[in-house]
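The file run31.txt comes next; it holds compact mmCIF, C-alpha atoms.
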```txt
# COMPACT_ATOMS: atom_id res chain seq x y z
CA MET A 1 61.36 -23.58 -3.67
CA LEU A 2 63.45 -22.77 -0.63
CA THR A 3 61.93 -21.68 2.66
CA GLN A 4 63.38 -18.81 4.66
CA ALA A 5 65.06 -21.25 7.05
CA GLU A 6 66.60 -23.10 4.10
CA ILE A 7 67.94 -19.96 2.38
CA ILE A 8 69.46 -18.82 5.68
CA GLU A 9 71.07 -22.23 6.25
CA ALA A 10 72.44 -22.26 2.69
CA LEU A 11 73.89 -18.76 3.06
CA LEU A 12 75.51 -19.47 6.42
CA ALA A 13 77.22 -22.51 4.90
CA PHE A 14 78.27 -20.56 1.80
CA ILE A 15 79.74 -17.69 3.81
CA ALA A 16 81.64 -20.16 5.98
CA LEU A 17 83.48 -21.55 2.94
CA PRO A 18 87.13 -20.47 2.67
CA ASP A 19 86.43 -19.14 -0.82
CA ALA A 20 84.10 -19.61 -3.79
CA THR A 21 84.61 -19.92 -7.51
CA GLU A 22 82.68 -17.79 -9.99
CA ALA A 23 80.43 -20.77 -10.72
CA GLU A 24 79.73 -21.38 -7.03
CA PHE A 25 78.91 -17.72 -6.47
CA GLU A 26 76.64 -17.71 -9.49
CA ALA A 27 74.73 -20.78 -8.31
CA MET A 28 74.12 -19.22 -4.90
CA ALA A 29 73.25 -15.84 -6.41
CA LEU A 30 70.58 -17.41 -8.62
CA LYS A 31 69.05 -19.15 -5.59
CA VAL A 32 68.91 -15.86 -3.70
CA PHE A 33 67.43 -14.07 -6.72
CA ALA A 34 64.70 -16.71 -6.99
CA TRP A 35 63.91 -16.28 -3.28
CA GLN A 36 63.72 -12.49 -3.60
CA PHE A 37 61.70 -12.63 -6.83
CA ARG A 38 59.13 -14.85 -5.16
CA ASN A 39 58.86 -12.97 -1.86
CA ASN A 40 59.59 -9.29 -2.59
CA GLU A 41 56.64 -7.99 -4.61
CA PRO A 42 58.01 -4.55 -5.66
CA TYR A 43 61.24 -6.20 -6.78
CA LYS A 44 59.30 -8.88 -8.67
CA ARG A 45 57.35 -6.23 -10.59
CA PHE A 46 60.57 -4.43 -11.48
CA ALA A 47 62.26 -7.65 -12.61
CA LEU A 48 59.25 -8.59 -14.76
CA GLN A 49 59.28 -5.14 -16.36
CA ARG A 50 62.92 -5.80 -17.29
CA GLY A 51 62.03 -9.27 -18.59
CA ARG A 52 64.11 -10.93 -15.88
CA THR A 53 62.79 -13.96 -14.00
CA PRO A 54 64.43 -16.97 -12.33
CA LEU A 55 63.69 -18.89 -15.53
CA THR A 56 65.37 -16.39 -17.85
CA VAL A 57 68.32 -15.19 -15.74
CA LYS A 58 71.27 -17.55 -16.09
CA ARG A 59 74.14 -15.31 -14.93
CA TRP A 60 74.54 -13.34 -11.72
CA ARG A 61 75.49 -10.28 -13.78
CA ASP A 62 72.01 -10.30 -15.33
CA ILE A 63 70.18 -10.10 -11.99
CA PRO A 64 68.41 -6.71 -12.04
CA ALA A 65 69.93 -4.14 -9.68
CA VAL A 66 67.74 -1.81 -7.61
CA PRO A 67 68.75 1.87 -7.34
CA ILE A 68 69.86 2.53 -3.79
CA THR A 69 67.54 5.49 -3.25
CA ALA A 70 64.54 3.18 -3.75
CA PHE A 71 64.99 2.07 -0.14
CA LYS A 72 63.69 5.51 0.86
CA ASP A 73 60.52 5.14 -1.20
CA LEU A 74 59.51 1.49 -0.91
CA THR A 75 59.46 -1.34 1.62
CA LEU A 76 61.83 -3.87 0.11
CA SER A 77 61.53 -6.92 2.34
CA CYS A 78 60.92 -10.60 1.66
CA THR A 79 59.27 -11.08 5.05
CA PRO A 80 56.60 -8.85 6.62
CA PRO A 81 58.36 -5.77 8.07
CA GLU A 82 56.63 -6.24 11.41
CA GLN A 83 58.45 -9.57 11.77
CA ALA A 84 61.89 -7.97 11.55
CA SER A 85 64.13 -8.45 14.57
CA HIS A 86 66.16 -5.39 13.50
CA VAL A 87 65.55 -2.45 11.21
CA PHE A 88 68.63 -0.57 10.07
CA MET A 89 68.04 2.98 8.81
CA THR A 90 70.21 5.25 6.70
CA SER A 91 71.71 8.30 8.36
CA GLY A 92 70.95 10.63 5.45
CA THR A 93 67.49 12.00 4.82
CA THR A 94 65.50 12.87 1.72
CA GLN A 95 62.60 15.14 2.69
CA GLY A 96 62.72 13.53 6.12
CA VAL A 97 62.58 9.96 4.72
CA ARG A 98 65.25 7.45 5.71
CA GLY A 99 66.01 4.26 3.85
CA ARG A 100 65.31 1.04 5.75
CA SER A 101 66.69 -2.49 5.64
CA TYR A 102 64.64 -5.15 7.41
CA HIS A 103 66.33 -8.16 9.01
CA PRO A 104 64.23 -11.10 10.26
CA THR A 105 67.43 -12.37 11.90
CA LEU A 106 70.97 -11.03 12.22
CA ASP A 107 72.55 -14.49 11.97
CA VAL A 108 73.68 -14.04 8.36
CA TRP A 109 74.61 -10.38 8.88
CA LYS A 110 76.78 -11.21 11.92
CA ARG A 111 78.61 -14.05 10.20
CA SER A 112 79.26 -11.84 7.18
CA VAL A 113 80.60 -9.00 9.35
CA LEU A 114 82.83 -11.05 11.64
CA LEU A 115 84.49 -13.38 9.14
CA ASN A 116 85.34 -10.49 6.87
CA PHE A 117 86.41 -8.14 9.70
CA ARG A 118 88.81 -10.69 11.14
CA LYS A 119 90.33 -11.40 7.74
CA ARG A 120 90.60 -7.85 6.40
CA PHE A 121 91.15 -5.68 9.45
CA MET A 122 92.58 -7.64 12.35
CA ARG A 123 95.83 -8.54 10.55
CA GLY A 124 96.50 -11.63 12.63
CA HIS A 125 95.48 -10.20 16.01
CA GLU A 126 93.15 -12.49 17.95
CA ARG A 127 92.00 -9.54 20.03
CA ILE A 128 93.19 -5.95 20.19
CA ARG A 129 92.30 -2.99 22.38
CA MET A 130 89.80 -0.74 20.62
CA GLY A 131 88.70 2.85 20.96
CA ILE A 132 85.36 3.42 19.23
CA LEU A 133 84.61 6.89 17.87
CA PHE A 134 80.92 6.33 17.21
CA PRO A 135 77.83 5.97 19.45
CA ASP A 136 76.91 2.44 20.52
CA GLU A 137 73.78 0.42 19.69
CA THR A 138 71.94 1.67 22.77
CA ALA A 139 72.27 5.24 21.59
CA LEU A 140 71.62 4.39 17.91
CA PRO A 141 69.58 1.16 17.77
CA ASN A 142 68.78 1.57 14.05
CA SER A 143 72.36 2.24 12.93
CA SER A 144 74.05 -0.62 11.11
CA LEU A 145 77.43 1.02 11.82
CA ALA A 146 76.73 1.13 15.56
CA HIS A 147 75.90 -2.59 15.49
CA TYR A 148 78.95 -3.35 13.31
CA LEU A 149 81.34 -1.57 15.68
CA GLY A 150 79.66 -3.06 18.74
CA LEU A 151 79.98 -6.57 17.34
CA ALA A 152 83.63 -5.97 16.43
CA ARG A 153 84.39 -4.67 19.94
CA ARG A 154 82.70 -7.59 21.69
CA GLU A 155 84.16 -10.33 19.50
CA CYS A 156 87.58 -8.91 18.57
CA GLY A 157 88.34 -6.25 21.18
CA THR A 158 90.03 -6.73 24.55
CA PRO A 159 87.90 -6.28 27.69
CA ASN A 160 89.26 -2.75 28.22
CA SER A 161 88.06 -1.58 24.80
CA ASP A 162 85.67 1.36 25.09
CA VAL A 163 83.39 3.85 23.31
CA PHE A 164 84.47 7.49 23.43
CA ILE A 165 81.47 9.23 21.92
CA GLY A 166 78.29 9.76 23.89
CA ALA A 167 75.40 12.16 24.30
CA ASN A 168 77.80 15.06 24.75
CA GLY A 169 79.97 14.19 21.76
CA LEU A 170 83.63 13.18 21.74
CA ASP A 171 84.92 12.48 25.28
CA LEU A 172 88.46 13.83 25.06
CA ASP A 173 88.91 13.77 28.84
CA ARG A 174 88.71 9.96 28.79
CA LEU A 175 90.24 9.30 25.39
CA LEU A 176 93.51 11.26 25.63
CA PRO A 177 94.76 9.47 28.77
CA VAL A 178 93.93 6.13 27.13
CA LEU A 179 95.96 7.08 24.05
CA ALA A 180 98.87 8.12 26.27
CA GLN A 181 98.65 4.84 28.16
CA ALA A 182 98.55 2.87 24.90
CA GLU A 183 101.57 4.77 23.62
CA ALA A 184 103.55 3.87 26.74
CA SER A 185 102.38 0.25 26.91
CA GLY A 186 103.96 -0.97 23.70
CA GLU A 187 100.75 -2.92 22.94
CA PRO A 188 99.00 -2.23 19.62
CA TYR A 189 95.88 -0.09 19.81
CA THR A 190 93.08 0.57 17.31
CA LEU A 191 90.82 3.52 16.69
CA LEU A 192 87.61 2.79 14.77
CA GLY A 193 84.81 5.10 13.75
CA ALA A 194 83.07 7.26 11.20
CA SER A 195 85.52 9.25 9.10
CA TYR A 196 84.02 12.54 10.26
CA SER A 197 84.58 11.58 13.93
CA PHE A 198 88.34 11.71 13.46
CA VAL A 199 88.38 15.31 12.23
CA PRO A 200 87.45 17.04 15.52
CA LEU A 201 89.85 14.70 17.34
CA MET A 202 92.73 15.68 15.07
CA ASP A 203 91.72 19.35 15.39
CA ALA A 204 91.69 19.09 19.19
CA LEU A 205 95.15 17.48 19.24
CA ALA A 206 96.51 20.18 16.91
CA ALA A 207 95.04 22.92 19.11
CA GLN A 208 96.81 21.39 22.13
CA GLY A 209 100.04 20.82 20.22
CA ARG A 210 99.81 17.09 20.99
CA ARG A 211 100.51 14.01 18.93
CA PHE A 212 100.90 10.34 19.77
CA ALA A 213 103.15 7.53 18.56
CA LEU A 214 100.96 4.46 18.98
CA PRO A 215 102.91 1.17 19.11
CA THR A 216 103.84 -0.84 16.03
CA GLY A 217 100.89 -2.94 14.90
CA SER A 218 98.32 -0.29 15.78
CA LEU A 219 95.51 0.21 13.29
CA ILE A 220 92.92 2.80 12.34
CA LEU A 221 89.59 2.09 10.64
CA ASP A 222 87.43 4.83 9.18
CA THR A 223 84.24 4.66 7.18
CA GLY A 224 81.55 6.79 5.63
CA GLY A 225 83.26 9.98 4.54
CA PHE A 226 82.31 13.33 6.02
CA LYS A 227 78.64 13.72 5.03
CA GLY A 228 78.66 17.42 5.87
CA GLN A 229 79.24 16.69 9.54
CA SER A 230 82.78 18.03 9.65
CA ARG A 231 85.06 20.05 7.45
CA GLU A 232 85.91 18.31 4.21
CA LEU A 233 89.38 16.86 3.72
CA THR A 234 90.97 15.31 0.65
CA PRO A 235 92.06 11.69 1.11
CA ASP A 236 95.71 12.75 1.31
CA GLU A 237 94.95 15.44 3.90
CA PHE A 238 92.91 13.00 5.97
CA TYR A 239 95.34 10.08 6.03
CA ASP A 240 98.38 12.31 6.38
CA GLY A 241 96.61 13.86 9.36
CA LEU A 242 95.93 10.47 10.94
CA GLU A 243 99.55 9.41 10.52
CA ALA A 244 100.82 12.67 12.02
CA ALA A 245 98.37 12.67 14.95
CA PHE A 246 98.64 9.03 16.02
CA GLY A 247 101.86 7.71 14.53
CA VAL A 248 99.96 5.03 12.60
CA PRO A 249 101.35 4.68 9.04
CA ARG A 250 98.92 5.34 6.23
CA ALA A 251 99.39 1.72 5.17
CA SER A 252 97.76 0.74 8.49
CA CYS A 253 94.86 3.18 8.09
CA ILE A 254 92.10 1.08 6.54
CA ASN A 255 88.89 2.37 5.04
CA MET A 256 85.76 0.24 5.30
CA TYR A 257 83.18 0.79 2.58
CA GLY A 258 79.70 -0.24 3.62
CA MET A 259 76.12 0.92 3.69
CA THR A 260 72.78 0.20 5.33
CA GLU A 261 71.51 -1.30 2.07
CA LEU A 262 74.17 -4.04 2.21
CA SER A 263 74.97 -6.72 4.78
CA SER A 264 78.64 -7.05 3.82
CA GLN A 265 81.55 -4.64 3.94
CA LEU A 266 84.39 -4.00 1.50
CA TYR A 267 87.88 -2.97 2.58
CA ASP A 268 91.13 -1.68 1.19
CA ASP A 269 94.49 -2.85 2.47
CA GLY A 270 95.56 0.55 3.73
CA ASN A 271 95.85 4.06 2.35
CA ALA A 272 99.54 4.43 1.57
CA VAL A 273 98.28 5.90 -1.72
CA SER A 274 95.01 7.62 -2.55
CA HIS A 275 92.20 5.59 -4.11
CA PRO A 276 93.48 2.17 -3.05
CA VAL A 277 91.84 -0.96 -4.42
CA LYS A 278 88.81 -2.14 -2.45
CA SER A 279 87.40 -5.63 -2.47
CA GLY A 280 84.99 -7.84 -0.60
CA PRO A 281 84.66 -11.46 0.51
CA HIS A 282 83.55 -14.29 -1.73
CA TRP A 283 79.84 -13.74 -1.05
CA ILE A 284 79.79 -10.28 -2.65
CA ARG A 285 80.73 -9.27 -6.17
CA SER A 286 81.04 -5.75 -7.57
CA ARG A 287 80.84 -4.46 -11.12
CA VAL A 288 80.82 -1.04 -12.78
CA VAL A 289 78.04 -0.19 -15.21
CA ASP A 290 76.49 2.46 -17.37
CA PRO A 291 73.66 3.53 -15.03
CA LEU A 292 71.10 3.93 -17.81
CA THR A 293 71.65 0.65 -19.64
CA GLY A 294 73.02 -1.46 -16.78
CA ILE A 295 75.67 -2.78 -19.17
CA ASP A 296 79.04 -3.68 -17.66
CA LEU A 297 81.86 -1.28 -18.48
CA PRO A 298 85.33 -2.63 -19.24
CA GLU A 299 88.13 -2.66 -16.70
CA GLY A 300 89.59 0.80 -16.13
CA GLN A 301 86.54 2.71 -17.41
CA ARG A 302 84.69 4.83 -14.87
CA GLY A 303 80.99 4.27 -14.23
CA VAL A 304 78.57 3.51 -11.39
CA ILE A 305 79.23 0.68 -8.96
CA VAL A 306 76.77 -2.20 -8.57
CA HIS A 307 77.15 -4.60 -5.66
CA HIS A 308 75.70 -8.13 -5.52
CA ASP A 309 75.67 -8.98 -1.82
CA LEU A 310 74.26 -12.44 -1.14
CA ALA A 311 74.23 -11.80 2.62
CA HIS A 312 71.53 -9.17 2.08
CA PHE A 313 69.03 -11.94 1.43
CA ASN A 314 65.84 -10.48 2.93
CA SER A 315 65.73 -7.44 0.67
CA VAL A 316 67.48 -7.24 -2.70
CA SER A 317 71.05 -8.38 -3.19
CA ALA A 318 71.81 -6.38 -6.34
CA ILE A 319 72.19 -2.66 -5.59
CA LEU A 320 72.91 0.16 -8.04
CA THR A 321 74.79 2.67 -5.90
CA GLU A 322 75.43 6.35 -6.55
CA ASP A 323 79.18 5.82 -6.23
CA ALA A 324 81.60 6.33 -9.10
CA GLY A 325 84.26 3.70 -9.58
CA GLU A 326 86.19 1.55 -11.97
CA ILE A 327 87.03 -2.13 -11.98
CA VAL A 328 90.74 -2.89 -11.66
CA ALA A 329 92.77 -6.00 -10.97
CA GLY A 330 91.82 -7.32 -7.54
CA GLY A 331 88.69 -5.22 -7.02
CA PHE A 332 87.58 -1.67 -7.72
CA LYS A 333 88.61 1.92 -7.09
CA LEU A 334 86.16 4.36 -5.53
CA PHE A 335 85.98 7.99 -6.65
CA GLY A 336 83.13 9.45 -4.59
CA ARG A 337 79.58 10.22 -5.69
CA VAL A 338 78.64 10.22 -9.35
CA ASP A 339 78.03 13.47 -11.21
CA GLY A 340 77.28 14.66 -14.71
CA GLU A 341 75.73 12.18 -17.12
CA ALA A 342 76.18 9.31 -14.66
CA SER A 343 74.10 11.19 -12.09
CA LYS A 344 71.35 11.79 -14.66
CA GLY A 345 71.47 8.12 -15.54
CA CYS A 346 70.99 7.14 -11.89
CA SER A 347 67.99 9.47 -11.64
CA VAL A 348 66.41 7.86 -14.69
CA ALA A 349 67.09 4.40 -13.24
CA VAL A 350 65.34 5.40 -10.01
CA ALA A 351 62.30 6.72 -11.87
CA GLU A 352 62.07 3.56 -13.96
CA PHE A 353 62.37 1.34 -10.91
CA LEU A 354 59.70 3.20 -8.92
CA ALA A 355 57.29 3.19 -11.85
CA ALA A 356 57.70 -0.55 -12.39
CA ALA A 357 57.75 -1.52 -8.70
CA ARG A 358 54.56 0.41 -7.94
CA GLY A 359 52.83 -1.19 -10.89
```

Would you mind giving the structure from this file in structure tokens?
Amino acid sequence: MLTQAEIIEALLAFIALPDATEAEFEAMALKVFAWQFRNNEPYKRFALQRGRTPLTVKRWRDIPAVPITAFKDLTLSCTPPEQASHVFMTSGTTQGVRGRSYHPTLDVWKRSVLLNFRKRFMRGHERIRMGILFPDETALPNSSLAHYLGLARRECGTPNSDVFIGANGLDLDRLLPVLAQAEASGEPYTLLGASYSFVPLMDALAAQGRRFALPTGSLILDTGGFKGQSRELTPDEFYDGLEAAFGVPRASCINMYGMTELSSQLYDDGNAVSHPVKSGPHWIRSRVVDPLTGIDLPEGQRGVIVHHDLAHFNSVSAILTEDAGEIVAGGFKLFGRVDGEASKGCSVAVAEFLAAARG
């Protein structure tokens, strides 16, 4: 049986590999499942109720997935929560309750973030000047996105990279001169932030009759959707708006798909077309299932996305999301939140999990 130090060491080495075969991923996934089964009591009870144990599970696809909303109802941690060095909390609330992910160390989380960010977003840049449209870790110490963007800025941004959202909201007085300077410099520039942060910026530029033509090689990263914090835009409206406002082609506007309940992020390769294919690094696998049965659906058939993120070792690695998607060649397509029968299925899955996990 592996100790915590040994599972961390094994994961750091696995993530550092250039790639992994299906068999290599499966072997590591089964080790992580055994660790979580042994140390996460609510998850163990749920797995036993499903008849799944480290002795009976032979494939990573058979590892039981926890409904994502369970993080709001239960403490899902392999180590005592009071020993966590960081606690990331969801931004949404359910009757005032926020989901929590406990991290005894951020070593695995940081390696997962940085290796993947450099490969999927940086596009060959060693460092690039960044403008961050999201509060920093000091302002939001329990936000995984704040830590993600802060880590990216420190490790991949130039020294003159900066944050342009503070206690008083978006700081246009500082940001607009920086954009003008970047436009004139000829050096690529990046804007990174929550999707909803870009909407008031685009509205402000439109109100002033301003637009920029950022230099070739500039990039935009958005994440998280709008969450009721700004007016809703369709994907085409949003990415057309970014291209018009900043002169960055839609193909260079990259969406990052992530969540507090995961330690890895998934990216597309730009949004030249709506619903581009998203994929992750070799330490995360995604599948699409019938939410009630958990059975994999065939390629091209829409269902609910399940992620198996080995970097999320201290909690549960297999997460049943509430996102609709379909498996396609090279990854999956995302179609927003589930509704209809899929939504009912997710609700039933949550009820079953809570009943089993609470004994």

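The smallest atom-to-atom distance between Val316 of chain A and any of A:Arg153, A:Arg287, A:Lys58, A:His103, using only C-alpha atoms, is found for A:His103.
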
Go through A:Arg174, A:Arg129, A:Arg250, A:Arg210 and flag the residue nearest Leu191 of chain A, using all atoms listed in the file for the distances.
A:Arg129

Selected residue of minimal separation from Thr90 of chain A among A:Leu30, A:Ala5, A:Ile165, A:Met259, counting all atoms listed in the file:
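Closest to Thr90 of chain A of all the choices is A:Met259.
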
Using only C-alpha atoms, what residues lie at most 10 Å away from (82.5, -12.8, 10.1) (file coordinates), given as a list in words?
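The answer, in the requested form, is Ile15, Ala16, Val108, Trp109, Lys110, Arg111, Ser112, Val113, Leu114, Leu115, Asn116, Phe117, Arg118, Lys119, Leu151, Ala152, Glu155, Ser264 and Pro281 of chain A.
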
With distances taken over all atoms listed in the file, which residue among A:Thr293, A:Ser279, A:Thr234, A:Ser144 lies nearest Arg100 of chain A?
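Ranking A:Thr293, A:Ser279, A:Thr234, A:Ser144 by distance to Arg100 of chain A, first place goes to A:Ser144.
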
Would you mind listing, for every residue of segment 66-133 of chain A within 12 Å of segment 34-49 of chain A, the two atoms forming the shortest contact and the distance between them in Å to one decimal, using only C-alpha atoms, sorted by chain and ascending residue number, as JSON lines?
```
{"residue": "A:Val66", "atom": "CA", "partner": "A:Tyr43", "partner_atom": "CA", "distance": 7.9}
{"residue": "A:Pro67", "atom": "CA", "partner": "A:Tyr43", "partner_atom": "CA", "distance": 11.0}
{"residue": "A:Ala70", "atom": "CA", "partner": "A:Pro42", "partner_atom": "CA", "distance": 10.3}
{"residue": "A:Phe71", "atom": "CA", "partner": "A:Pro42", "partner_atom": "CA", "distance": 11.1}
{"residue": "A:Asp73", "atom": "CA", "partner": "A:Pro42", "partner_atom": "CA", "distance": 11.0}
{"residue": "A:Leu74", "atom": "CA", "partner": "A:Pro42", "partner_atom": "CA", "distance": 7.8}
{"residue": "A:Thr75", "atom": "CA", "partner": "A:Pro42", "partner_atom": "CA", "distance": 8.1}
{"residue": "A:Leu76", "atom": "CA", "partner": "A:Asn40", "partner_atom": "CA", "distance": 6.5}
{"residue": "A:Ser77", "atom": "CA", "partner": "A:Asn40", "partner_atom": "CA", "distance": 5.8}
{"residue": "A:Cys78", "atom": "CA", "partner": "A:Asn40", "partner_atom": "CA", "distance": 4.6}
{"residue": "A:Thr79", "atom": "CA", "partner": "A:Asn39", "partner_atom": "CA", "distance": 7.2}
{"residue": "A:Pro80", "atom": "CA", "partner": "A:Asn40", "partner_atom": "CA", "distance": 9.7}
{"residue": "A:Pro81", "atom": "CA", "partner": "A:Asn40", "partner_atom": "CA", "distance": 11.3}
{"residue": "A:Tyr102", "atom": "CA", "partner": "A:Asn40", "partner_atom": "CA", "distance": 11.9}
```

What is the atom CA of Ala213 of chain A to atom CA of Asp240 of chain A distance in Å?
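Atom CA of Ala213 of chain A sits 13.9 Å away from atom CA of Asp240 of chain A.
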
Could you check the closest approach to Leu12 of chain A for each of A:Ala27, A:Ile254, A:Leu106, A:Ala356 and tell me which residue wins, using all atoms listed in the file?
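Closest residue, counting all atoms listed in the file: A:Leu106.
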
What's around Pro135 of chain A at 7 Å? Count only C-alpha atoms, leave out sequence neighbours fewer than 5 positions away in its own chain, and write the answer as a ChimeraX atom specification.
/A:140,146,165-166

Expected file contents, prior selection, C-alpha atoms, as a PDB file, in the coordinates of the input:
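Result file follows (again15.pdb):
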```
ATOM      1  CA  LEU A 140      71.620   4.390  17.910  1.00  0.00           C
ATOM      2  CA  ALA A 146      76.730   1.130  15.560  1.00  0.00           C
ATOM      3  CA  ILE A 165      81.470   9.230  21.920  1.00  0.00           C
ATOM      4  CA  GLY A 166      78.290   9.760  23.890  1.00  0.00           C
TER       5      GLY A 166
END
```

Pick the closest to Thr190 of chain A from A:Leu2, A:Ile284, A:Val32, A:Cys253: which is it, counting only C-alpha atoms?
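Nearest to Thr190 of chain A: A:Cys253.
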
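Near segment 331-333 of chain A, within 6 Å and counting all atoms listed in the file, sit His275, Val277, Lys278, Ser279, Gly325 and Glu326 of chain A, not including residues fewer than 5 positions from it in the same chain.
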
Atom CA of Gln265 of chain A to atom CA of Gly336 of chain A, straight-line distance in Å:
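Between atom CA of Gly336 of chain A and atom CA of Gln265 of chain A the gap is 16.5 Å.
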